[in-house]
Every structure is written in C-alpha cells, then in structure tokens.
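Asker: Just start14.cif, nothing more (mmCIF, C-alpha atoms):
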data_upload
loop_
_atom_site.label_atom_id
_atom_site.label_comp_id
_atom_site.auth_asym_id
_atom_site.auth_seq_id
_atom_site.Cartn_x
_atom_site.Cartn_y
_atom_site.Cartn_z
CA MET N 303 16.09 -27.29 -12.75
CA PHE N 304 15.12 -25.98 -16.23
CA PRO N 305 18.03 -23.75 -17.30
CA ALA N 306 16.73 -23.01 -20.81
CA LEU N 307 13.68 -21.20 -19.43
CA MET N 308 12.97 -18.05 -17.68
CA LYS N 309 12.48 -14.90 -19.65
CA LEU N 310 8.95 -14.94 -18.26
CA ALA N 311 9.24 -17.25 -15.29
CA THR N 312 10.53 -16.94 -11.79
CA VAL N 313 11.24 -19.38 -9.06
CA VAL N 314 8.23 -20.40 -7.06
CA LEU N 315 8.28 -18.53 -3.82
CA MET N 316 6.38 -19.98 -0.95
CA ALA N 317 5.79 -17.77 2.03
CA VAL N 318 4.31 -19.38 5.06
CA GLU N 319 3.08 -17.17 7.83
CA ALA N 320 3.51 -18.90 11.15
CA THR N 321 1.55 -18.04 14.24
CA THR N 322 2.67 -19.08 17.68
CA THR N 323 -0.62 -18.55 19.46
CA SER N 324 -3.02 -20.34 17.13
CA THR N 325 -3.66 -23.92 16.12
CA ILE N 326 -5.42 -22.83 12.92
CA PRO N 327 -3.70 -24.42 9.89
CA VAL N 328 -1.46 -22.00 8.05
CA THR N 329 -2.17 -21.55 4.34
CA PRO N 330 0.96 -21.28 2.20
CA ARG N 331 0.99 -18.50 -0.36
CA ILE N 332 2.39 -18.66 -3.86
CA ASP N 333 3.76 -15.64 -5.64
CA LEU N 334 2.82 -15.33 -9.29
CA HIS N 335 5.06 -13.87 -11.96
CA PRO N 336 3.34 -10.84 -13.59
CA VAL N 337 2.57 -12.80 -16.78
CA GLU N 338 0.99 -15.58 -14.71
CA LYS N 339 -1.10 -13.00 -12.86
CA ALA N 340 -2.16 -11.53 -16.21
CA ILE N 341 -3.37 -14.97 -17.36
CA VAL N 342 -5.37 -15.49 -14.16
CA ASP N 343 -6.77 -11.95 -14.33
CA GLY N 344 -7.73 -12.39 -18.00
CA THR N 345 -9.39 -15.72 -17.25
CA ASN N 346 -11.36 -14.29 -14.35
CA ALA N 347 -12.36 -11.24 -16.42
CA GLN N 348 -13.83 -13.54 -19.06
CA ARG N 349 -15.66 -15.53 -16.38
CA ALA N 350 -17.06 -12.31 -14.88
CA LEU N 351 -18.53 -11.35 -18.26
CA TYR N 352 -20.65 -14.51 -18.02
CA GLY N 353 -21.58 -14.12 -14.35
CA LEU N 354 -19.21 -16.88 -13.21
CA PRO N 355 -17.19 -16.76 -9.99
CA ALA N 356 -13.48 -16.03 -10.11
CA LEU N 357 -11.12 -18.98 -10.05
CA GLN N 358 -8.73 -19.26 -7.11
CA ILE N 359 -5.05 -20.04 -7.49
CA ASP N 360 -4.34 -23.60 -6.38
CA MET N 361 -0.74 -24.22 -5.31
CA SER N 362 -0.68 -27.78 -6.67
CA LEU N 363 -2.15 -26.73 -10.01
CA GLU N 364 0.26 -23.81 -10.21
CA GLN N 365 3.18 -26.17 -9.75
CA THR N 366 1.91 -28.73 -12.27
CA ALA N 367 1.17 -25.97 -14.81
CA ARG N 368 4.70 -24.64 -14.33
CA ASN N 369 6.18 -28.11 -14.65
CA HIS N 370 4.22 -28.82 -17.82
CA ALA N 371 5.00 -25.45 -19.42
CA ALA N 372 8.68 -26.01 -18.58
CA TRP N 373 8.58 -29.48 -20.15
CA MET N 374 6.94 -28.14 -23.32
CA THR N 375 9.49 -25.32 -23.48
CA ASN N 376 12.51 -27.58 -23.03
CA SER N 377 11.23 -30.24 -25.43
CA HIS N 378 9.74 -27.76 -27.94
CA ASN N 379 6.63 -29.91 -27.88
CA LEU N 380 3.07 -28.61 -27.64
CA GLN N 381 1.29 -31.52 -25.97
CA HIS N 382 -1.28 -31.87 -23.20
CA SER N 383 -0.22 -33.39 -19.91
CA SER N 384 -1.69 -36.65 -18.68
CA ILE N 385 -2.33 -35.71 -15.06
CA GLY N 386 -6.13 -35.72 -15.13
CA VAL N 387 -6.95 -32.02 -15.11
CA ALA N 388 -8.72 -29.79 -17.61
CA GLU N 389 -5.98 -27.99 -19.49
CA ASN N 390 -5.48 -25.24 -22.04
CA ILE N 391 -2.11 -25.00 -23.73
CA ALA N 392 -0.82 -22.69 -26.43
CA TRP N 393 2.37 -21.86 -28.27
CA GLY N 394 3.69 -18.75 -29.95
CA GLN N 395 1.52 -16.01 -28.44
CA ARG N 396 3.58 -13.00 -27.35
CA SER N 397 1.48 -11.89 -24.38
CA ALA N 398 -1.10 -13.11 -21.90
CA GLU N 399 -3.69 -11.10 -23.82
CA GLU N 400 -2.84 -12.94 -27.07
CA ALA N 401 -2.98 -16.31 -25.30
CA MET N 402 -6.38 -15.45 -23.80
CA SER N 403 -7.66 -14.29 -27.19
CA SER N 404 -6.53 -17.56 -28.79
CA TRP N 405 -8.15 -19.65 -26.07
CA MET N 406 -11.42 -17.71 -26.18
CA SER N 407 -11.52 -18.15 -29.98
CA SER N 408 -11.38 -21.94 -29.59
CA SER N 409 -14.57 -23.68 -28.47
CA GLY N 410 -12.81 -26.33 -26.37
CA HIS N 411 -10.47 -23.91 -24.64
CA ARG N 412 -13.30 -21.43 -24.12
CA ALA N 413 -15.40 -24.21 -22.54
CA ASN N 414 -12.64 -24.82 -19.98
CA ILE N 415 -12.36 -21.13 -19.12
CA LEU N 416 -16.14 -20.74 -18.77
CA ASN N 417 -16.88 -24.07 -17.08
CA PRO N 418 -19.04 -23.17 -14.05
CA SER N 419 -17.90 -26.22 -12.07
CA TYR N 420 -14.24 -25.19 -12.03
CA ARG N 421 -13.13 -23.31 -8.94
CA ARG N 422 -9.32 -23.64 -9.04
CA ILE N 423 -6.62 -22.69 -11.54
CA GLY N 424 -2.87 -22.91 -12.08
CA VAL N 425 -1.07 -21.14 -14.92
CA ALA N 426 2.38 -20.75 -16.42
CA ALA N 427 4.22 -19.31 -19.40
CA TYR N 428 7.84 -19.92 -20.36
CA THR N 429 9.92 -18.63 -23.24
CA ALA N 430 12.21 -21.03 -25.11
CA THR N 431 15.70 -20.09 -26.23
CA ASP N 432 14.34 -19.46 -29.76
CA GLY N 433 11.95 -16.82 -28.33
CA SER N 434 8.75 -18.83 -28.67
CA CYS N 435 6.46 -18.91 -25.64
CA TYR N 436 4.61 -21.94 -24.27
CA TRP N 437 1.45 -21.33 -22.22
CA CYS N 438 -0.47 -23.59 -19.83
CA GLN N 439 -3.68 -23.25 -17.81
CA GLN N 440 -4.97 -26.07 -15.62
CA PHE N 441 -8.39 -26.25 -13.97
CA LEU N 442 -10.10 -28.31 -11.27
CA GLN N 443 -13.36 -28.22 -9.35
#
Take the structure from the file and write it as structure tokens.
Answerer:
Amino acid sequence: MFPALMKLATVVLMAVEATTTSTIPVTPRIDLHPVEKAIVDGTNAQRALYGLPALQIDMSLEQTARNHAAWMTNSHNLQHSSIGVAENIAWGQRSAEEAMSSWMSSSGHRANILNPSYRRIGVAAYTATDGSCYWCQQFLQ
C-alpha cells in the first residue's frame, strides 16, 4: 500500500486466537515492530517516573498512527492528523530514544505523554527514501 516506506515498519499482523468451547469474545492481538515497541516502552517508562499507569496498545490507534506516519513519510509533510485524538509527531530523529527525548523536551508533547486521563496508545515510525524518519504517537482515554 505504501511502497516507499518500510525500513522501520512491518505489515500489521493480526493473530486471533479462536476457542471452540467458549463464548467469551476473542481479543485480536497486534504485533509491534521493535521500534514501535521501543516508543511504547519509552512512553510508559516516562509515565512510571511520575506514578502514572502504563498505556495499553489500542489496535485502532495503532492502525491510525501507522496510516498517519505512512502519509507523512510518503508526502514528506510533518502535519498533525485531523482524526480527533491527542497526537505527538516528529521528524528526523534517528531512534525511538531520540524521538522520546524530543517529545519530553516539548511542553505540549510532554503533556500528552504524561496526561493521567489517557489509557490507550498507538505508535508508528517510518523511514522515507531520503533516510528521514517520521514518528507518530496517538493517545485516547
């Protein structure tokens, strides 16, 4: 779908565990790319420093963060989405640690990361053909 991407990204893999003896709804699972996991881990580490609960991966947010990061990468445009979520974006950082450091150094981005009402997160990072990386975090209650 986005051929110019993917040094850092992988295809979304959804694994659904089915049970034949239960009527309990099955929760799909999403597999994170290592850089996405590093963003989530870094975010939750910052929250832990302030006594805040860890954010949980939300499949819908993960997909919209991936879609938005892909759009920014393909269009070479650093711009917030308009989907009605709290969002941190960045461009040019070479690692999840650099992206987290940039966000934590910005009062608005930091406020999103440390917002005690947020419970869910989706993240993505894609590298453009010129080597620049676009980052996206999205948050919801």
Asker: Measure the distance from atom CA of Ser362 of chain N to atom CA of Ser384 of chain N in Å and round it to one decimal.
Answerer: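 Answer for the atom CA of Ser362 of chain N to atom CA of Ser384 of chain N separation: 15.0 Å.
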Asker: Mind checking which residues fall within 9 Å of Trp405 of chain N, counting only C-alpha atoms, ignoring those fewer than 3 positions away in the same chain, and posting them as an MDAnalysis selection string?
Answerer: chainID N and resid 390:392 400:402 408:412 415
Asker: Just give me the gap between atom CA of Glu389 of chain N and atom CA of Cys438 of chain N in Å, one decimal is fine.
Answerer: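 Interatomic distance, atom CA of Glu389 of chain N to atom CA of Cys438 of chain N: 7.1 Å.
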Asker: Atom CA of Asn379 of chain N to atom CA of Ile341 of chain N: how many Å, to one decimal?
Answerer: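 Answer for the atom CA of Asn379 of chain N to atom CA of Ile341 of chain N separation: 20.8 Å.
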Asker: For the provided coordinates, the residues matched by the PyMOL selection byres ((chain N and resi 352) around 12) should be stated as a PDB file with C-alpha atoms, in the coordinates of the input.
Answerer:
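Dumped everything to result_10.pdb:
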ATOM      1  CA  THR N 345      -9.390 -15.720 -17.250  1.00  0.00           C
ATOM      2  CA  ASN N 346     -11.360 -14.290 -14.350  1.00  0.00           C
ATOM      3  CA  ALA N 347     -12.360 -11.240 -16.420  1.00  0.00           C
ATOM      4  CA  GLN N 348     -13.830 -13.540 -19.060  1.00  0.00           C
ATOM      5  CA  ARG N 349     -15.660 -15.530 -16.380  1.00  0.00           C
ATOM      6  CA  ALA N 350     -17.060 -12.310 -14.880  1.00  0.00           C
ATOM      7  CA  LEU N 351     -18.530 -11.350 -18.260  1.00  0.00           C
ATOM      8  CA  GLY N 353     -21.580 -14.120 -14.350  1.00  0.00           C
ATOM      9  CA  LEU N 354     -19.210 -16.880 -13.210  1.00  0.00           C
ATOM     10  CA  PRO N 355     -17.190 -16.760  -9.990  1.00  0.00           C
ATOM     11  CA  ALA N 356     -13.480 -16.030 -10.110  1.00  0.00           C
ATOM     12  CA  ARG N 412     -13.300 -21.430 -24.120  1.00  0.00           C
ATOM     13  CA  ALA N 413     -15.400 -24.210 -22.540  1.00  0.00           C
ATOM     14  CA  ILE N 415     -12.360 -21.130 -19.120  1.00  0.00           C
ATOM     15  CA  LEU N 416     -16.140 -20.740 -18.770  1.00  0.00           C
ATOM     16  CA  ASN N 417     -16.880 -24.070 -17.080  1.00  0.00           C
ATOM     17  CA  PRO N 418     -19.040 -23.170 -14.050  1.00  0.00           C
TER      18      PRO N 418
END
Asker: For a quick check of understanding, using only C-alpha atoms, which of N:Ala398, N:Met374, N:Ile359, N:Cys435 has the smallest distance to Tyr420 of chain N?
Answerer: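 Going through N:Ala398, N:Met374, N:Ile359, N:Cys435 one by one, the smallest distance to Tyr420 of chain N is for N:Ile359.
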Asker: Within 9 Å of (3.5, -30.1, -25.0) (file coordinates; all atoms listed in the file), which protein or nucleic acid residues are there? I'd like them as an MDAnalysis selection string.
Answerer: chainID N and resid 370:371 373:375 377:383 391:393 436
Asker: Counting all atoms listed in the file, which residue out of N:Ser397, N:Asn414, N:Asn376, N:Ser404 sits closest to Gln439 of chain N?
Answerer: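 Among N:Ser397, N:Asn414, N:Asn376, N:Ser404, it is N:Asn414 that comes nearest to Gln439 of chain N.
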